[in-house]
Structures are given as C-alpha cells and as structure tokens.
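**Q** Next comes coords_20.cif, mmCIF, N, CA and C atoms:
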```cif
data_structure
#
loop_
_atom_site.label_atom_id
_atom_site.label_comp_id
_atom_site.auth_asym_id
_atom_site.auth_seq_id
_atom_site.Cartn_x
_atom_site.Cartn_y
_atom_site.Cartn_z
N MET E 1 -2.04 -0.06 1.77
CA MET E 1 -0.70 -0.59 1.64
C MET E 1 0.30 0.43 2.17
N THR E 2 1.13 0.01 3.07
CA THR E 2 2.11 0.92 3.64
C THR E 2 3.45 0.74 2.95
N GLU E 3 4.07 1.84 2.76
CA GLU E 3 5.39 1.81 2.11
C GLU E 3 6.43 2.13 3.15
N LYS E 4 7.37 1.25 3.36
CA LYS E 4 8.41 1.54 4.33
C LYS E 4 9.50 2.36 3.65
N THR E 5 10.00 3.30 4.39
CA THR E 5 11.05 4.15 3.84
C THR E 5 12.39 3.47 4.07
N SER E 6 13.13 3.35 3.01
CA SER E 6 14.45 2.74 3.14
C SER E 6 15.50 3.83 3.20
N ARG E 7 16.50 3.57 3.93
CA ARG E 7 17.58 4.56 4.06
C ARG E 7 18.83 4.02 3.41
N PRO E 8 19.74 4.89 3.07
CA PRO E 8 20.99 4.42 2.44
C PRO E 8 21.78 3.53 3.40
N HIS E 9 22.43 2.52 2.85
CA HIS E 9 23.28 1.65 3.67
C HIS E 9 24.53 1.30 2.86
N LYS E 10 25.52 0.80 3.58
CA LYS E 10 26.79 0.46 2.94
C LYS E 10 26.70 -0.90 2.26
N ALA E 11 27.52 -1.08 1.22
CA ALA E 11 27.52 -2.35 0.49
C ALA E 11 28.15 -3.47 1.30
N GLY E 12 29.04 -3.14 2.21
CA GLY E 12 29.64 -4.14 3.09
C GLY E 12 30.51 -5.14 2.35
N ALA E 13 30.25 -6.41 2.58
CA ALA E 13 31.06 -7.48 1.99
C ALA E 13 30.85 -7.60 0.48
N PHE E 14 29.79 -7.00 -0.05
CA PHE E 14 29.52 -7.09 -1.47
C PHE E 14 30.23 -5.99 -2.27
N ASP E 15 31.06 -5.21 -1.62
CA ASP E 15 31.85 -4.18 -2.31
C ASP E 15 32.91 -4.89 -3.15
N ILE E 16 32.95 -4.60 -4.42
CA ILE E 16 33.87 -5.29 -5.35
C ILE E 16 35.33 -5.05 -4.97
N ARG E 17 35.62 -3.93 -4.33
CA ARG E 17 37.00 -3.65 -3.94
C ARG E 17 37.49 -4.65 -2.90
N LEU E 18 36.61 -5.08 -2.01
CA LEU E 18 37.01 -6.07 -1.01
C LEU E 18 37.19 -7.45 -1.61
N ILE E 19 36.39 -7.78 -2.61
CA ILE E 19 36.54 -9.07 -3.28
C ILE E 19 37.86 -9.11 -4.04
N ILE E 20 38.19 -8.02 -4.74
CA ILE E 20 39.46 -7.94 -5.45
C ILE E 20 40.63 -7.99 -4.46
N ALA E 21 40.50 -7.29 -3.34
CA ALA E 21 41.55 -7.30 -2.32
C ALA E 21 41.77 -8.70 -1.77
N LEU E 22 40.69 -9.44 -1.58
CA LEU E 22 40.81 -10.81 -1.09
C LEU E 22 41.59 -11.68 -2.07
N LEU E 23 41.24 -11.60 -3.35
CA LEU E 23 41.94 -12.40 -4.35
C LEU E 23 43.42 -12.01 -4.46
N LEU E 24 43.70 -10.72 -4.53
CA LEU E 24 45.09 -10.27 -4.61
C LEU E 24 45.86 -10.63 -3.35
N GLY E 25 45.20 -10.56 -2.20
CA GLY E 25 45.86 -10.90 -0.94
C GLY E 25 46.23 -12.37 -0.86
N VAL E 26 45.35 -13.24 -1.35
CA VAL E 26 45.67 -14.67 -1.33
C VAL E 26 46.88 -14.95 -2.22
N TYR E 27 46.87 -14.40 -3.43
CA TYR E 27 48.03 -14.59 -4.32
C TYR E 27 49.29 -13.95 -3.73
N GLY E 28 49.14 -12.80 -3.09
CA GLY E 28 50.29 -12.13 -2.50
C GLY E 28 50.92 -12.94 -1.39
N VAL E 29 50.09 -13.55 -0.53
CA VAL E 29 50.61 -14.38 0.56
C VAL E 29 51.32 -15.61 0.00
N ILE E 30 50.70 -16.25 -0.99
CA ILE E 30 51.31 -17.44 -1.59
C ILE E 30 52.66 -17.10 -2.22
N LEU E 31 52.71 -16.02 -2.99
CA LEU E 31 53.99 -15.65 -3.64
C LEU E 31 55.04 -15.24 -2.62
N THR E 32 54.63 -14.54 -1.58
CA THR E 32 55.59 -14.13 -0.56
C THR E 32 56.17 -15.35 0.16
N ILE E 33 55.33 -16.30 0.50
CA ILE E 33 55.82 -17.53 1.15
C ILE E 33 56.73 -18.31 0.21
N MET E 34 56.33 -18.43 -1.05
CA MET E 34 57.17 -19.15 -2.02
C MET E 34 58.51 -18.44 -2.22
N GLY E 35 58.48 -17.12 -2.28
CA GLY E 35 59.72 -16.38 -2.48
C GLY E 35 60.63 -16.40 -1.28
N ALA E 36 60.05 -16.35 -0.09
CA ALA E 36 60.87 -16.30 1.12
C ALA E 36 61.41 -17.67 1.51
N GLY E 37 60.65 -18.73 1.28
CA GLY E 37 61.08 -20.01 1.80
C GLY E 37 61.43 -21.08 0.80
N PHE E 38 60.99 -20.95 -0.43
CA PHE E 38 61.15 -22.05 -1.36
C PHE E 38 61.84 -21.66 -2.67
N THR E 39 62.67 -20.64 -2.63
CA THR E 39 63.39 -20.22 -3.83
C THR E 39 64.82 -20.76 -3.77
N SER E 40 65.21 -21.46 -4.81
CA SER E 40 66.56 -22.04 -4.85
C SER E 40 67.52 -21.07 -5.56
N ASP E 41 68.80 -21.39 -5.46
CA ASP E 41 69.81 -20.57 -6.14
C ASP E 41 69.65 -20.65 -7.65
N ASP E 42 69.23 -21.81 -8.15
CA ASP E 42 69.00 -21.94 -9.60
C ASP E 42 67.86 -21.02 -10.05
N ASP E 43 66.82 -20.91 -9.25
CA ASP E 43 65.71 -20.01 -9.58
C ASP E 43 66.18 -18.56 -9.61
N LEU E 44 67.03 -18.20 -8.66
CA LEU E 44 67.54 -16.83 -8.63
C LEU E 44 68.43 -16.53 -9.83
N LYS E 45 69.23 -17.50 -10.25
CA LYS E 45 70.09 -17.29 -11.41
C LYS E 45 69.27 -17.10 -12.68
N LYS E 46 68.16 -17.82 -12.80
CA LYS E 46 67.28 -17.67 -13.96
C LYS E 46 66.67 -16.28 -14.03
N ALA E 47 66.50 -15.65 -12.88
CA ALA E 47 65.84 -14.34 -12.81
C ALA E 47 66.81 -13.21 -12.54
N ALA E 48 68.05 -13.36 -12.97
CA ALA E 48 69.08 -12.32 -12.82
C ALA E 48 69.26 -11.92 -11.36
N ASP E 49 69.29 -12.91 -10.48
CA ASP E 49 69.50 -12.72 -9.04
C ASP E 49 68.46 -11.82 -8.38
N VAL E 50 67.24 -11.84 -8.90
CA VAL E 50 66.12 -11.10 -8.29
C VAL E 50 65.08 -12.14 -7.85
N ASN E 51 64.68 -12.05 -6.62
CA ASN E 51 63.67 -12.97 -6.10
C ASN E 51 62.29 -12.45 -6.54
N ILE E 52 61.89 -12.84 -7.73
CA ILE E 52 60.67 -12.31 -8.34
C ILE E 52 59.43 -12.67 -7.53
N ASN E 53 59.36 -13.89 -7.04
CA ASN E 53 58.18 -14.28 -6.25
C ASN E 53 58.03 -13.43 -5.00
N LEU E 54 59.14 -13.18 -4.32
CA LEU E 54 59.09 -12.38 -3.11
C LEU E 54 58.65 -10.96 -3.40
N TRP E 55 59.26 -10.32 -4.38
CA TRP E 55 58.92 -8.93 -4.69
C TRP E 55 57.52 -8.79 -5.26
N SER E 56 57.09 -9.76 -6.06
CA SER E 56 55.72 -9.73 -6.59
C SER E 56 54.71 -9.91 -5.46
N GLY E 57 55.00 -10.82 -4.54
CA GLY E 57 54.12 -11.04 -3.41
C GLY E 57 54.01 -9.82 -2.52
N ILE E 58 55.13 -9.17 -2.25
CA ILE E 58 55.10 -7.96 -1.43
C ILE E 58 54.32 -6.86 -2.15
N GLY E 59 54.52 -6.74 -3.45
CA GLY E 59 53.78 -5.75 -4.23
C GLY E 59 52.28 -6.01 -4.19
N LEU E 60 51.88 -7.27 -4.32
CA LEU E 60 50.46 -7.61 -4.26
C LEU E 60 49.88 -7.33 -2.87
N LEU E 61 50.64 -7.56 -1.82
CA LEU E 61 50.16 -7.27 -0.47
C LEU E 61 50.00 -5.76 -0.25
N VAL E 62 50.89 -4.97 -0.84
CA VAL E 62 50.76 -3.51 -0.75
C VAL E 62 49.49 -3.04 -1.48
N VAL E 63 49.27 -3.58 -2.67
CA VAL E 63 48.06 -3.22 -3.43
C VAL E 63 46.81 -3.67 -2.68
N THR E 64 46.87 -4.83 -2.04
CA THR E 64 45.75 -5.31 -1.24
C THR E 64 45.44 -4.34 -0.10
N ALA E 65 46.48 -3.89 0.58
CA ALA E 65 46.29 -2.93 1.67
C ALA E 65 45.69 -1.63 1.15
N MET E 66 46.09 -1.21 -0.03
CA MET E 66 45.54 0.02 -0.61
C MET E 66 44.05 -0.15 -0.94
N PHE E 67 43.67 -1.30 -1.48
CA PHE E 67 42.26 -1.56 -1.78
C PHE E 67 41.42 -1.57 -0.51
N VAL E 68 41.90 -2.23 0.54
CA VAL E 68 41.15 -2.29 1.79
C VAL E 68 41.05 -0.91 2.41
N LEU E 69 42.13 -0.15 2.39
CA LEU E 69 42.10 1.20 2.93
C LEU E 69 41.11 2.07 2.16
N TRP E 70 41.10 1.93 0.84
CA TRP E 70 40.16 2.67 -0.01
C TRP E 70 38.72 2.31 0.35
N ALA E 71 38.44 1.03 0.53
CA ALA E 71 37.08 0.59 0.84
C ALA E 71 36.65 1.05 2.24
N VAL E 72 37.59 1.15 3.17
CA VAL E 72 37.25 1.58 4.52
C VAL E 72 37.05 3.09 4.58
N LEU E 73 37.94 3.83 3.92
CA LEU E 73 37.85 5.29 3.99
C LEU E 73 36.73 5.86 3.13
N ARG E 74 36.42 5.23 2.02
CA ARG E 74 35.35 5.70 1.12
C ARG E 74 34.37 4.57 0.85
N PRO E 75 33.52 4.24 1.84
CA PRO E 75 32.61 3.11 1.65
C PRO E 75 31.58 3.39 0.56
N LEU E 76 31.17 2.34 -0.11
CA LEU E 76 30.18 2.42 -1.16
C LEU E 76 28.80 2.45 -0.52
N VAL E 77 28.03 3.51 -0.78
CA VAL E 77 26.71 3.65 -0.19
C VAL E 77 25.66 3.32 -1.25
N VAL E 78 24.77 2.41 -0.92
CA VAL E 78 23.70 2.02 -1.83
C VAL E 78 22.57 3.04 -1.69
N PRO E 79 22.14 3.67 -2.78
CA PRO E 79 21.05 4.65 -2.68
C PRO E 79 19.75 3.98 -2.25
N PRO E 80 18.86 4.72 -1.60
CA PRO E 80 17.64 4.11 -1.07
C PRO E 80 16.66 3.64 -2.13
N GLY E 81 16.67 4.19 -3.32
CA GLY E 81 15.69 3.82 -4.33
C GLY E 81 16.03 2.60 -5.14
N THR E 82 17.17 1.93 -4.90
CA THR E 82 17.58 0.82 -5.74
C THR E 82 17.04 -0.52 -5.29
N GLU E 83 16.46 -0.59 -4.11
CA GLU E 83 15.92 -1.86 -3.64
C GLU E 83 14.57 -2.10 -4.28
N THR E 84 14.32 -3.35 -4.64
CA THR E 84 13.05 -3.68 -5.25
C THR E 84 12.11 -4.26 -4.21
N THR E 85 10.82 -3.95 -4.38
CA THR E 85 9.81 -4.53 -3.51
C THR E 85 9.04 -5.56 -4.31
N GLU E 86 8.71 -6.63 -3.67
CA GLU E 86 7.99 -7.69 -4.36
C GLU E 86 6.50 -7.37 -4.35
N THR E 87 5.94 -7.16 -5.53
CA THR E 87 4.52 -6.93 -5.67
C THR E 87 3.97 -7.88 -6.71
N SER E 88 2.71 -8.13 -6.62
CA SER E 88 2.10 -9.03 -7.59
C SER E 88 1.86 -8.28 -8.89
N PRO E 89 1.87 -8.95 -10.03
CA PRO E 89 1.68 -8.29 -11.32
C PRO E 89 0.31 -7.65 -11.47
N ALA E 90 -0.69 -8.09 -10.71
CA ALA E 90 -2.05 -7.55 -10.85
C ALA E 90 -2.17 -6.17 -10.23
N GLU E 91 -1.24 -5.79 -9.37
CA GLU E 91 -1.35 -4.49 -8.70
C GLU E 91 -0.90 -3.36 -9.55
#
```
Written as structure tokens, that's how I'd like the structure from this file.

**A**
Amino acid sequence: MTEKTSRPHKAGAFDIRLIIALLLGVYGVILTIMGAGFTSDDDLKKAADVNINLWSGIGLLVVTAMFVLWAVLRPLVVPPGTETTETSPAE
C-alpha cells in the first residue's frame, strides 16, 4: 500500500472570512443603495437628519474590504495531516 504525501494548501473559498465578507458585502450594497437612492425627507427627520442606511452601508463595505484584505494577506493554510484517507475497517 502506497501512501501519498500531502502538502499544505490554502483553504480558498472555504475560508470563513470570505463567507462573512460576502454576507456583509451583500448587506452593505443593499443599505448603500437604499440610503443613496430611496431615502425620503421624512426618513431623515426620524433619524435626526442622518442618513443611517447610507452610513451603515458604507461602514459594512469598509469592513468587507478589511475581511477580504485580511484573507488575501494572511491566507489560511490547511496542515497536511488533517486530510482523511478512506480505508476499510478490516485494515
């Protein structure tokens, strides 16, 4: 029986930071669009003349960029010993 040597590899799309960045980015884009294009004067008066949707959306997009930058600059490396090999129980 030959054992193949596995080498470390990056987690890639399965990195939790990229999944979180995707979710925050979607919400950030939606809030930014809602704040920039669909905010009425009545909505602004309710929020003390602060466009909360716009500022929250921009904040979420900044956090998204930070998560993506973090994942790119410090990629998650999967150690070589964590992969399982399929063997029969009799062996």

**Q** Smallest atom-to-atom distance to Met66 of chain E: which of E:Ile33, E:Ala21, E:Ile52, E:Val26, using all atoms listed in the file?

**A** E:Ala21

**Q** Tell me, in Å to one decimal, how far atom C of Thr64 of chain E is from atom C of Phe38 of chain E.

**A** 24.0 Å

**Q** Using the chain letters and numbers from this file, what does the PyMOL selection byres (((chain E and resi 24 and name CA) around 12) and name CA) select? Give the answer as a list in words.

**A**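 For this structure, the PyMOL selection byres (((chain E and resi 24 and name CA) around 12) and name CA) resolves to Arg17, Leu18, Ile19, Ile20, Ala21, Leu22, Leu23, Gly25, Val26, Tyr27, Gly28, Val29, Ile30, Leu31, Thr32, Ser56, Gly57, Ile58, Gly59, Leu60, Leu61, Val62, Val63, Thr64, Ala65, Met66, Phe67 and Val68 of chain E.
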
**Q** Padding 5 Å on each side, edges along x, y and z: where is the centre of the box around the listed atoms of segment 9-22 of chain E, and how long are its edges in Å to one decimal? Output it as AutoDock Vina command-line options.

**A**
```
--center_x 32.1 --center_y -4.6 --center_z -0.9 --size_x 29.3 --size_y 24.2 --size_z 19.1
```

**Q** Please extract the residues of chain E with a backbone DSSP assignment of strand (DSSP E) and present them as a list in words.

**A**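 Going through chain E, the strand (DSSP E) residues come out as His9, Lys10, Val77 and Val78 of chain E.
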
**Q** Could you jot down the atom N of Ser40 of chain E to atom N of Trp55 of chain E separation for me, Å, one decimal place?

**A**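 Calculated distance between atom N of Ser40 of chain E and atom N of Trp55 of chain E is 12.6 Å.
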
**Q** Atom CA of Arg7 of chain E and atom C of Leu73 of chain E, how far apart in Å?

**A**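 So the two atoms, atom C of Leu73 of chain E and atom CA of Arg7 of chain E, lie 19.2 Å apart.
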
**Q** Given the file above and the PyMOL selection byres (((chain E and resi 10 and name CA) around 7) and name CA), which residues are selected, and can you give them as a PyMOL selection string?

**A** chain E and resi 9+11-12+75-78

**Q** Just the selected residues (N, CA and C atoms), exported as a CSV table (one decimal), keeping the file's coordinate frame, please.

**A**
```csv
chain,number,residue,atom,x,y,z
E,9,HIS,N,22.4,2.5,2.8
E,9,HIS,CA,23.3,1.6,3.7
E,9,HIS,C,24.5,1.3,2.9
E,11,ALA,N,27.5,-1.1,1.2
E,11,ALA,CA,27.5,-2.4,0.5
E,11,ALA,C,28.2,-3.5,1.3
E,12,GLY,N,29.0,-3.1,2.2
E,12,GLY,CA,29.6,-4.1,3.1
E,12,GLY,C,30.5,-5.1,2.4
E,75,PRO,N,33.5,4.2,1.8
E,75,PRO,CA,32.6,3.1,1.6
E,75,PRO,C,31.6,3.4,0.6
E,76,LEU,N,31.2,2.3,-0.1
E,76,LEU,CA,30.2,2.4,-1.2
E,76,LEU,C,28.8,2.4,-0.5
E,77,VAL,N,28.0,3.5,-0.8
E,77,VAL,CA,26.7,3.6,-0.2
E,77,VAL,C,25.7,3.3,-1.2
E,78,VAL,N,24.8,2.4,-0.9
E,78,VAL,CA,23.7,2.0,-1.8
E,78,VAL,C,22.6,3.0,-1.7
```

**Q** I need the residue nearest Arg74 of chain E from this list: E:Ala48, E:Asp15, E:Pro8, E:Leu54. Use only C-alpha atoms for the distance.

**A**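 Answer, going by the shortest atom-to-atom distance: E:Asp15.
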
**Q** Apply DSSP to the backbone of this structure and, from segment 16-54 of chain E, keep only the residues in helix (DSSP H, G or I); write these as number ranges by chain.

**A** E: 16-37, 41-46, 52-54
